[in-house]
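Structure file structure_35.cif; described as mmCIF, C-alpha atoms.
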```cif
data_my_file
#
loop_
_atom_site.label_atom_id
_atom_site.label_comp_id
_atom_site.auth_asym_id
_atom_site.auth_seq_id
_atom_site.Cartn_x
_atom_site.Cartn_y
_atom_site.Cartn_z
CA MET A 1 53.39 24.33 97.50
CA ALA A 2 51.27 24.53 100.65
CA PHE A 3 54.15 26.33 102.36
CA PHE A 4 54.32 28.86 99.52
CA GLY A 5 50.58 29.43 99.86
CA ARG A 6 50.77 30.01 103.62
CA VAL A 7 53.53 32.60 103.27
CA GLY A 8 51.69 34.24 100.35
CA ALA A 9 48.49 34.45 102.40
CA ASP A 10 50.33 36.11 105.30
CA ILE A 11 51.94 38.67 103.00
CA SER A 12 48.68 39.44 101.22
CA HIS A 13 47.03 39.98 104.60
CA GLU A 14 49.81 42.35 105.66
CA THR A 15 49.59 44.21 102.33
CA ARG A 16 45.83 44.54 102.57
CA ASN A 17 46.14 45.95 106.09
CA THR A 18 48.72 48.47 104.91
CA LEU A 19 46.56 49.50 101.92
CA SER A 20 43.51 49.77 104.19
CA ILE A 21 45.33 52.22 106.45
CA ILE A 22 46.53 54.26 103.45
CA GLY A 23 42.95 54.17 102.12
CA GLU A 24 41.60 55.52 105.41
CA TYR A 25 44.20 58.33 105.42
CA ALA A 26 43.20 59.21 101.83
CA GLY A 27 39.58 59.25 102.99
CA LEU A 28 40.49 61.46 105.94
CA LEU A 29 42.23 63.91 103.55
CA ASN A 30 39.05 64.01 101.45
CA ASP A 31 36.98 64.66 104.57
CA LEU A 32 39.30 67.54 105.56
CA LEU A 33 39.18 68.98 102.01
CA ALA A 34 35.39 68.83 102.04
CA MET A 35 35.38 70.71 105.36
CA ALA A 36 37.84 73.30 103.95
CA GLU A 37 35.53 73.83 100.96
CA LYS A 38 32.74 74.54 103.40
CA GLY A 39 34.87 77.25 105.03
CA LYS A 40 36.76 75.48 107.83
CA PRO A 41 40.41 76.67 107.66
CA PRO A 42 42.85 73.83 106.90
CA ASP A 43 44.99 72.59 109.80
CA TYR A 44 48.39 72.42 108.09
CA GLU A 45 50.08 70.59 110.97
CA LYS A 46 47.43 67.87 110.80
CA LEU A 47 47.90 67.60 107.03
CA LYS A 48 51.68 67.27 107.46
CA GLY A 49 51.10 64.55 110.06
CA ILE A 50 48.81 62.60 107.72
CA SER A 51 51.33 62.88 104.90
CA ALA A 52 54.09 61.49 107.17
CA LYS A 53 51.86 58.62 108.28
CA ILE A 54 51.02 57.71 104.68
CA ALA A 55 54.75 57.71 103.86
CA LYS A 56 55.35 55.40 106.87
CA GLN A 57 52.72 52.94 105.64
CA VAL A 58 54.18 53.04 102.10
CA ARG A 59 57.59 52.11 103.60
CA ARG A 60 55.93 49.28 105.55
CA GLY A 61 54.28 47.96 102.37
CA THR A 62 57.50 48.27 100.38
CA GLU A 63 59.48 46.33 103.01
CA SER A 64 56.81 43.66 103.06
CA MET A 65 56.93 43.33 99.25
CA GLU A 66 60.74 43.17 99.31
CA ARG A 67 60.62 40.32 101.85
CA PHE A 68 58.13 38.46 99.71
CA SER A 69 60.17 39.11 96.58
CA ARG A 70 63.31 37.63 98.21
CA PHE A 71 61.27 34.65 99.35
CA ALA A 72 59.62 34.07 95.95
CA HIS A 73 62.82 34.43 93.94
CA ALA A 74 64.46 31.75 96.07
CA ALA A 75 61.96 29.32 94.52
CA ASP A 76 63.27 29.79 90.99
CA GLU A 77 66.91 29.71 92.00
CA ARG A 78 68.71 26.44 91.52
CA ALA A 79 71.44 27.76 93.77
CA ALA A 80 73.13 25.29 96.05
CA SER A 81 74.28 27.97 98.47
CA CYS A 82 72.97 31.01 100.31
CA ASP A 83 73.68 33.38 103.19
CA LEU A 84 72.07 31.85 106.29
CA THR A 85 72.10 35.17 108.21
CA ALA A 86 70.11 36.98 105.51
CA LEU A 87 67.82 34.00 105.00
CA ALA A 88 67.04 33.72 108.73
CA ARG A 89 66.36 37.47 108.93
CA ASN A 90 63.93 37.28 106.00
CA VAL A 91 62.10 34.17 107.24
CA ALA A 92 61.79 35.70 110.73
CA ALA A 93 60.20 38.81 109.20
CA LEU A 94 57.86 36.67 107.06
CA ALA A 95 56.79 34.71 110.14
CA GLN A 96 56.09 37.81 112.28
CA ARG A 97 52.35 37.88 111.53
CA ARG A 98 51.97 34.15 112.30
CA VAL A 99 53.85 34.61 115.59
CA ALA A 100 51.69 37.62 116.51
CA LEU A 101 48.49 35.70 115.74
CA ALA A 102 49.65 33.01 118.18
CA GLY A 103 50.00 35.78 120.78
CA CYS A 104 53.77 35.21 120.94
CA ARG A 105 56.85 37.34 120.37
CA LEU A 106 59.82 36.58 118.13
CA GLU A 107 63.35 37.33 119.28
CA VAL A 108 65.99 37.19 116.55
CA LYS A 109 69.68 36.80 117.42
CA LEU A 110 71.80 36.84 114.29
CA PRO A 111 75.52 37.27 113.67
CA ASP A 112 76.51 40.59 112.17
CA ARG A 113 78.21 38.88 109.24
CA MET A 114 77.32 36.70 106.27
CA LEU A 115 77.27 32.97 106.84
CA PRO A 116 77.41 31.14 103.47
CA VAL A 117 75.95 27.64 103.66
CA ALA A 118 75.72 24.83 101.13
CA ALA A 119 71.95 24.63 100.87
CA ASN A 120 69.19 25.48 98.42
CA PRO A 121 67.63 28.70 99.78
CA PHE A 122 64.02 27.80 99.03
CA ILE A 123 64.18 24.44 100.81
CA LEU A 124 66.07 25.99 103.71
CA GLN A 125 63.43 28.74 104.00
CA GLN A 126 60.78 26.05 104.16
CA ALA A 127 62.68 24.23 106.91
CA VAL A 128 63.13 27.36 109.05
CA PHE A 129 59.53 28.51 108.54
CA SER A 130 58.21 25.01 109.34
CA ALA A 131 60.35 24.89 112.50
CA ILE A 132 58.87 28.23 113.63
CA GLU A 133 55.33 26.96 112.90
CA LEU A 134 56.08 23.74 114.78
CA MET A 135 57.42 25.69 117.77
CA LEU A 136 54.30 27.88 117.79
CA GLU A 137 52.07 24.80 118.06
CA PHE A 138 53.52 24.19 121.52
CA GLN A 139 53.46 27.79 122.77
CA GLU A 140 50.89 29.58 124.85
CA ALA A 141 50.05 33.27 124.45
CA GLY A 142 52.79 35.50 125.81
CA ALA A 143 55.63 33.07 125.01
CA VAL A 144 58.86 34.22 123.40
CA VAL A 145 60.21 32.20 120.45
CA THR A 146 63.90 32.74 119.74
CA ILE A 147 65.79 32.32 116.46
CA LYS A 148 69.54 32.10 116.76
CA VAL A 149 72.22 31.44 114.14
CA LEU A 150 75.67 30.07 115.03
CA ALA A 151 78.65 28.64 113.15
CA GLU A 152 80.18 25.49 114.64
CA ALA A 153 83.32 24.22 112.84
CA SER A 154 82.09 23.11 109.38
CA THR A 155 78.42 23.38 110.26
CA ALA A 156 76.01 26.29 110.56
CA VAL A 157 73.17 25.85 113.04
CA ILE A 158 69.93 27.77 113.16
CA THR A 159 68.14 27.15 116.44
CA ILE A 160 64.48 27.90 117.11
CA SER A 161 63.56 27.67 120.78
CA GLY A 162 60.59 28.27 123.02
CA ASN A 163 58.67 26.74 125.94
CA ALA A 164 58.47 22.93 126.06
CA PRO A 165 55.14 21.75 127.39
CA VAL A 166 54.83 18.70 125.11
CA ALA A 167 55.21 14.96 125.50
CA GLY A 168 58.24 13.43 123.75
CA SER A 169 56.32 11.11 121.43
CA GLU A 170 54.15 13.93 120.00
CA LEU A 171 57.26 15.92 119.31
CA ALA A 172 58.97 13.00 117.56
CA ASP A 173 56.00 12.69 115.16
CA GLN A 174 56.09 16.36 114.31
CA VAL A 175 59.87 16.55 113.91
CA SER A 176 59.91 13.68 111.41
CA GLN A 177 58.42 15.97 108.74
CA LEU A 178 61.12 18.54 109.41
CA THR A 179 63.77 15.83 109.25
CA ALA A 180 62.57 14.91 105.75
CA ILE A 181 63.01 18.51 104.55
CA MET A 182 66.49 18.77 106.11
CA LYS A 183 67.57 15.48 104.46
CA GLU A 184 67.02 17.13 101.07
CA LEU A 185 69.64 19.66 102.16
CA GLN A 186 72.11 17.04 103.43
CA GLY A 187 71.41 18.57 106.83
CA SER A 188 69.87 17.40 110.09
CA VAL A 189 67.44 18.33 112.88
CA ASP A 190 68.07 17.96 116.58
CA ALA A 191 65.04 18.36 118.85
CA HIS A 192 66.08 18.95 122.42
CA ARG A 193 64.02 19.42 125.60
CA ALA A 194 65.69 20.63 128.77
CA GLU A 195 64.56 22.69 131.78
CA GLY A 196 61.28 23.66 130.16
CA VAL A 197 62.90 24.81 126.93
CA LEU A 198 62.30 23.14 123.59
CA SER A 199 64.98 23.70 120.93
CA LEU A 200 64.94 22.72 117.29
CA ALA A 201 68.46 22.94 115.85
CA LEU A 202 68.72 22.77 112.07
CA SER A 203 72.24 22.08 110.84
CA VAL A 204 73.60 22.60 107.34
CA PRO A 205 77.17 22.45 106.01
CA ILE A 206 79.07 25.75 105.79
CA GLN A 207 80.27 26.47 102.28
CA MET B 1 22.59 59.43 110.28
CA ALA B 2 23.59 60.44 113.80
CA ASN B 3 24.48 59.07 117.19
CA GLU B 4 24.89 55.40 116.35
CA LYS B 5 27.12 53.83 118.97
CA VAL B 6 29.78 51.66 117.35
CA LEU B 7 32.63 49.48 118.62
CA LEU B 8 35.59 49.06 116.23
CA VAL B 9 37.74 45.99 116.90
CA ASP B 10 41.08 45.48 115.10
CA ASP B 11 44.65 44.78 116.20
CA GLU B 12 45.87 47.40 113.68
CA ARG B 13 45.79 50.41 116.02
CA GLU B 14 46.42 52.97 113.30
CA PHE B 15 43.56 51.60 111.19
CA ILE B 16 40.97 51.94 113.96
CA GLN B 17 42.33 55.36 114.98
CA VAL B 18 41.80 56.84 111.51
CA LEU B 19 38.53 55.02 110.84
CA SER B 20 37.10 56.11 114.20
CA GLU B 21 38.09 59.74 113.47
CA ARG B 22 36.25 59.56 110.13
CA MET B 23 33.20 57.94 111.71
CA GLU B 24 33.10 60.50 114.52
CA SER B 25 33.20 63.31 111.95
CA ARG B 26 30.03 61.72 110.52
CA GLY B 27 28.29 61.90 113.87
CA LEU B 28 28.92 58.40 115.23
CA ASP B 29 29.87 57.66 118.82
CA VAL B 30 32.87 55.31 118.46
CA ASP B 31 34.70 53.09 120.94
CA THR B 32 37.73 51.02 119.95
CA ALA B 33 39.32 47.74 121.07
CA VAL B 34 42.60 46.22 119.90
CA SER B 35 41.81 42.62 120.85
CA GLY B 36 38.91 40.23 121.07
CA ILE B 37 39.26 40.06 124.85
CA GLU B 38 39.00 43.87 125.13
CA ALA B 39 35.99 43.87 122.77
CA VAL B 40 34.09 41.35 124.91
CA GLN B 41 34.84 43.40 128.04
CA ARG B 42 33.56 46.57 126.35
CA ALA B 43 30.41 44.81 125.10
CA LYS B 44 29.65 43.76 128.68
CA GLY B 45 29.77 47.38 129.82
CA ALA B 46 28.01 49.24 127.00
CA SER B 47 25.20 48.91 124.47
CA TYR B 48 26.33 49.15 120.85
CA ASP B 49 24.24 49.57 117.72
CA ALA B 50 26.98 47.82 115.73
CA ILE B 51 30.31 46.11 116.29
CA VAL B 52 32.81 46.19 113.42
CA LEU B 53 35.15 43.26 113.94
CA ASP B 54 38.42 42.15 112.32
CA LEU B 55 38.69 38.44 111.57
CA ALA B 56 42.43 37.81 112.02
CA MET B 57 43.59 38.93 115.45
CA PRO B 58 46.11 37.53 117.94
CA GLU B 59 45.00 35.29 120.82
CA MET B 60 41.23 35.44 120.24
CA ASP B 61 40.45 35.58 116.50
CA GLY B 62 37.36 37.20 114.97
CA ILE B 63 35.28 34.01 114.91
CA GLU B 64 36.05 33.26 118.59
CA THR B 65 35.36 36.89 119.51
CA LEU B 66 32.05 36.77 117.62
CA LYS B 67 31.00 33.68 119.63
CA HIS B 68 31.89 35.38 122.93
CA LEU B 69 30.13 38.62 121.92
CA LEU B 70 26.94 36.76 121.06
CA GLU B 71 27.11 35.00 124.42
CA VAL B 72 27.19 38.43 126.07
CA ASN B 73 24.20 39.56 123.98
CA PRO B 74 22.68 37.39 121.20
CA ASP B 75 21.06 40.46 119.63
CA LEU B 76 24.39 42.22 118.94
CA GLN B 77 24.81 43.32 115.32
CA VAL B 78 28.32 42.32 114.26
CA ILE B 79 29.86 43.31 110.93
CA LEU B 80 33.06 41.46 110.06
CA LEU B 81 35.58 43.72 108.37
CA THR B 82 38.73 41.95 107.37
CA GLY B 83 41.62 41.45 105.02
CA TYR B 84 41.49 37.72 105.62
CA ALA B 85 38.21 37.17 103.88
CA THR B 86 37.34 33.85 102.40
CA VAL B 87 33.88 32.70 101.37
CA GLY B 88 34.13 29.88 103.91
CA LYS B 89 34.94 32.20 106.79
CA GLY B 90 32.17 34.59 105.72
CA ILE B 91 29.61 31.80 105.65
CA GLU B 92 30.84 30.50 109.01
CA ALA B 93 30.56 33.98 110.53
CA THR B 94 27.03 34.58 109.23
CA LYS B 95 25.94 31.09 110.37
CA LEU B 96 27.24 31.96 113.82
CA GLY B 97 25.14 35.12 113.83
CA ALA B 98 27.22 37.90 112.25
CA MET B 99 25.01 40.48 110.55
CA ASP B 100 27.28 41.01 107.54
CA PHE B 101 30.75 40.61 106.12
CA LEU B 102 32.88 43.27 104.36
CA GLU B 103 36.35 43.02 102.86
CA LYS B 104 39.07 45.56 103.61
CA PRO B 105 39.56 48.10 102.23
CA ALA B 106 35.86 48.97 102.48
CA GLU B 107 34.33 52.26 101.35
CA ILE B 108 33.23 54.25 104.39
CA GLU B 109 29.84 54.93 102.78
CA LYS B 110 29.25 51.18 102.45
CA LEU B 111 30.26 50.67 106.07
CA MET B 112 28.00 53.51 107.20
CA GLU B 113 25.08 51.88 105.34
CA LYS B 114 25.76 48.59 107.15
CA ILE B 115 25.91 50.39 110.49
CA GLN B 116 22.60 52.12 109.75
CA GLN B 117 21.14 48.70 108.87
CA ALA B 118 22.56 47.29 112.13
CA LYS B 119 20.83 50.03 114.11
CA THR B 120 17.52 49.33 112.35
CA ASN B 121 17.92 45.58 113.05
CA LYS B 122 18.65 46.33 116.69
CA LEU B 123 15.56 48.55 117.01
CA VAL B 124 13.39 45.82 115.47
CA LEU B 125 14.81 43.28 117.92
CA VAL B 126 14.29 45.62 120.90
CA GLU B 127 10.68 46.16 119.80
CA LYS B 128 10.19 42.40 119.40
CA ARG B 129 11.62 41.74 122.88
CA SER B 130 9.31 44.43 124.35
CA GLU B 131 6.27 42.88 122.66
CA GLU B 132 7.25 39.45 123.98
CA ARG B 133 7.66 40.87 127.48
CA ILE B 134 4.27 42.62 127.37
CA LYS B 135 2.64 39.45 125.98
CA GLY B 136 4.24 37.44 128.80
CA ILE B 137 2.95 39.86 131.43
CA LEU B 138 -0.54 39.86 129.91
CA GLU B 139 -0.62 36.05 129.84
CA ALA B 140 0.73 35.77 133.39
CA LYS B 141 -1.87 38.20 134.73
CA GLY B 142 -4.67 36.59 132.72
CA TRP B 143 -5.78 39.96 131.25
#
```

As structure tokens, please, write out the structure in this file.
Amino acid sequence: MAFFGRVGADISHETRNTLSIIGEYAGLLNDLLAMAEKGKPPDYEKLKGISAKIAKQVRRGTESMERFSRFAHAADERAASCDLTALARNVAALAQRRVALAGCRLEVKLPDRMLPVAANPFILQQAVFSAIELMLEFQEAGAVVTIKVLAEASTAVITISGNAPVAGSELADQVSQLTAIMKELQGSVDAHRAEGVLSLALSVPIQ
Amino acid sequence: MANEKVLLVDDEREFIQVLSERMESRGLDVDTAVSGIEAVQRAKGASYDAIVLDLAMPEMDGIETLKHLLEVNPDLQVILLTGYATVGKGIEATKLGAMDFLEKPAEIEKLMEKIQQAKTNKLVLVEKRSEERIKGILEAKGW
């Protein structure tokens, strides 16, 4: 539930920002109309530019709502399978704001094909989002967090990696919560530190 | 209302671009910053009647930025303008010394009123500081 709230808060923030920009453009149009009424000739190129920028923000808002819709509908699905590629893409997009607030950058490396896995999409979303949040706790501003999806024999692995400045014991405590989520999916977590890189590999069975 | 000097701080570049254009058309002198760090640097180099500050920003968030700004100048008039508003955050910001708190999207007229109020507050504070300075000089000289 807390996870749902965090994602909802991020999306509402993004939506409010988008609406604020559209609101300012609407205000700017009113300002220009008021000036035109007072005799200043309208600048049609400027008006066209504002119209295009409003359309761009509407697209941004629509995409944001579509991401949230996919996320929310996963909660009422009792499905035992989903496409890991699409799910990873959606969760990465949902986490963008959180990553930006941490001063980091998200790099997403996904296969260009569907990867059906035997896992409930809502729980898997929670696992991937939690792994990104966990990774961000250990990152400093400017770090790059990578999300990669691979198929290995009968298992699909989604790996979240970043810098590894933490002590092993702290990490073990944090990963235990993630392990509990993955157990619900009959999956597993492997936390790996090597050469300054921390990787969290979440494995689920391929369908 | 004319010539108020304002600093707009928000990581949404497009938002501050349009808002600053609208404020300038109303006679304000507007600077912009896209991060808390940039805002603090600008506040060190210029005197603003009001600073309009976003709460949720990367690296240094609005609350942290507010603390740093007030270290630069405790008399700064900071208006928090944000889409991340909660009562708790608003109370925290005002306790820390923010002048006011507005939720996005805010009507420009409302924002202009707050900026006018900020300028009045600043003038009162400047006058108070001058009186204190004169009083100090008078006491030191024994006049």

Interface list for chain B, partner chain A, 6 Å threshold, all atoms listed in the file, as a compact mmCIF listing (two decimals) with C-alpha atoms, in the coordinates of the input:
```txt
# COMPACT_ATOMS: atom_id res chain seq x y z
CA PHE B 15 43.56 51.60 111.19
CA MET B 57 43.59 38.93 115.45
CA PRO B 58 46.11 37.53 117.94
CA GLU B 59 45.00 35.29 120.82
CA GLY B 83 41.62 41.45 105.02
CA PRO B 105 39.56 48.10 102.23
```

Exercise: Ala43 of chain B partners within 8 Å, only C-alpha atoms, chain neighbours under 5 positions left out, as an MDAnalysis selection string: chainID B and resid 48 69 72

Do you know which residues are at most 8 Å from Lys119 of chain B counting all atoms listed in the file, after dropping those on the same chain fewer than 6 positions away, and could you put them as a list in words? Glu4, Asp49, Ala50 and Gln77 of chain B

For this structure, which residues satisfy the selection - the PyMOL selection byres ((chain B and resi 97) around 9) - when it is evaluated on the file as given? I want them as an mmCIF file with C-alpha atoms, in the coordinates of the input.
```
data_model
loop_
_atom_site.group_PDB
_atom_site.id
_atom_site.type_symbol
_atom_site.label_atom_id
_atom_site.label_comp_id
_atom_site.auth_asym_id
_atom_site.auth_seq_id
_atom_site.Cartn_x
_atom_site.Cartn_y
_atom_site.Cartn_z
ATOM 1 C CA LEU B 66 32.050 36.770 117.620
ATOM 2 C CA LYS B 67 31.000 33.680 119.630
ATOM 3 C CA LEU B 70 26.940 36.760 121.060
ATOM 4 C CA PRO B 74 22.680 37.390 121.200
ATOM 5 C CA ASP B 75 21.060 40.460 119.630
ATOM 6 C CA LEU B 76 24.390 42.220 118.940
ATOM 7 C CA GLN B 77 24.810 43.320 115.320
ATOM 8 C CA VAL B 78 28.320 42.320 114.260
ATOM 9 C CA GLU B 92 30.840 30.500 109.010
ATOM 10 C CA ALA B 93 30.560 33.980 110.530
ATOM 11 C CA THR B 94 27.030 34.580 109.230
ATOM 12 C CA LYS B 95 25.940 31.090 110.370
ATOM 13 C CA LEU B 96 27.240 31.960 113.820
ATOM 14 C CA ALA B 98 27.220 37.900 112.250
ATOM 15 C CA MET B 99 25.010 40.480 110.550
ATOM 16 C CA ASP B 100 27.280 41.010 107.540
#
```

Segment 127-137 of chain A: which residues within 10 Å, counting all atoms listed in the file, same-chain residues fewer than 4 positions away excluded, as a VMD selection string? chain A and resid 3 7 87 to 88 91 to 92 94 to 95 98 to 99 101 to 104 106 121 to 123 141 143 to 147 158 to 164 166 171 174 to 175 177 to 182 185 189 198 to 202

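Those residues that approach Glu24 of chain B to within 12 Å, counting all atoms listed in the file, are Leu28 and Asp31 of chain A; Met1, Ala2, Asn3, Glu4, Lys5, Val6, Leu7, Leu8, Ile16, Gln17, Val18, Leu19, Ser20, Leu28, Asp29, Val30, Asp31, Thr32, Ile108 and Met112 of chain B; same-chain residues fewer than 4 positions away are not listed.
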
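For the residues A:Thr85, A:Pro42, A:Thr62, A:Ala79, ranking by smallest atom-to-atom distance to Arg113 of chain A using all atoms listed in the file places A:Thr85 first.
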
Between atom CA of Thr155 of chain A and atom CA of Asp173 of chain A, what is the spacing in Å?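 That distance, rounded to one decimal, is 25.3 Å.
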
Just how far from atom CA of Val34 of chain B is atom CA of Phe4 of chain A, in Å to one decimal?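 For atom CA of Phe4 of chain A relative to atom CA of Val34 of chain B, the distance reads 29.2 Å.
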
Tell me which protein, DNA and RNA residues are within 6 Å of Ser81 of chain A, counting all atoms listed in the file, leaving out same-chain ones fewer than 5 positions away, and put them as a PDB file with C-alpha atoms, keeping the file's coordinate frame.
```pdb
ATOM      1  CA  VAL A 117      75.950  27.640 103.660  1.00  0.00           C
ATOM      2  CA  ALA A 118      75.720  24.830 101.130  1.00  0.00           C
ATOM      3  CA  ALA A 119      71.950  24.630 100.870  1.00  0.00           C
ATOM      4  CA  ASN A 120      69.190  25.480  98.420  1.00  0.00           C
TER       5      ASN A 120
END
```

Atom CA of Val108 of chain A and atom CA of Gln139 of chain A are how many Å apart? 16.9 Å
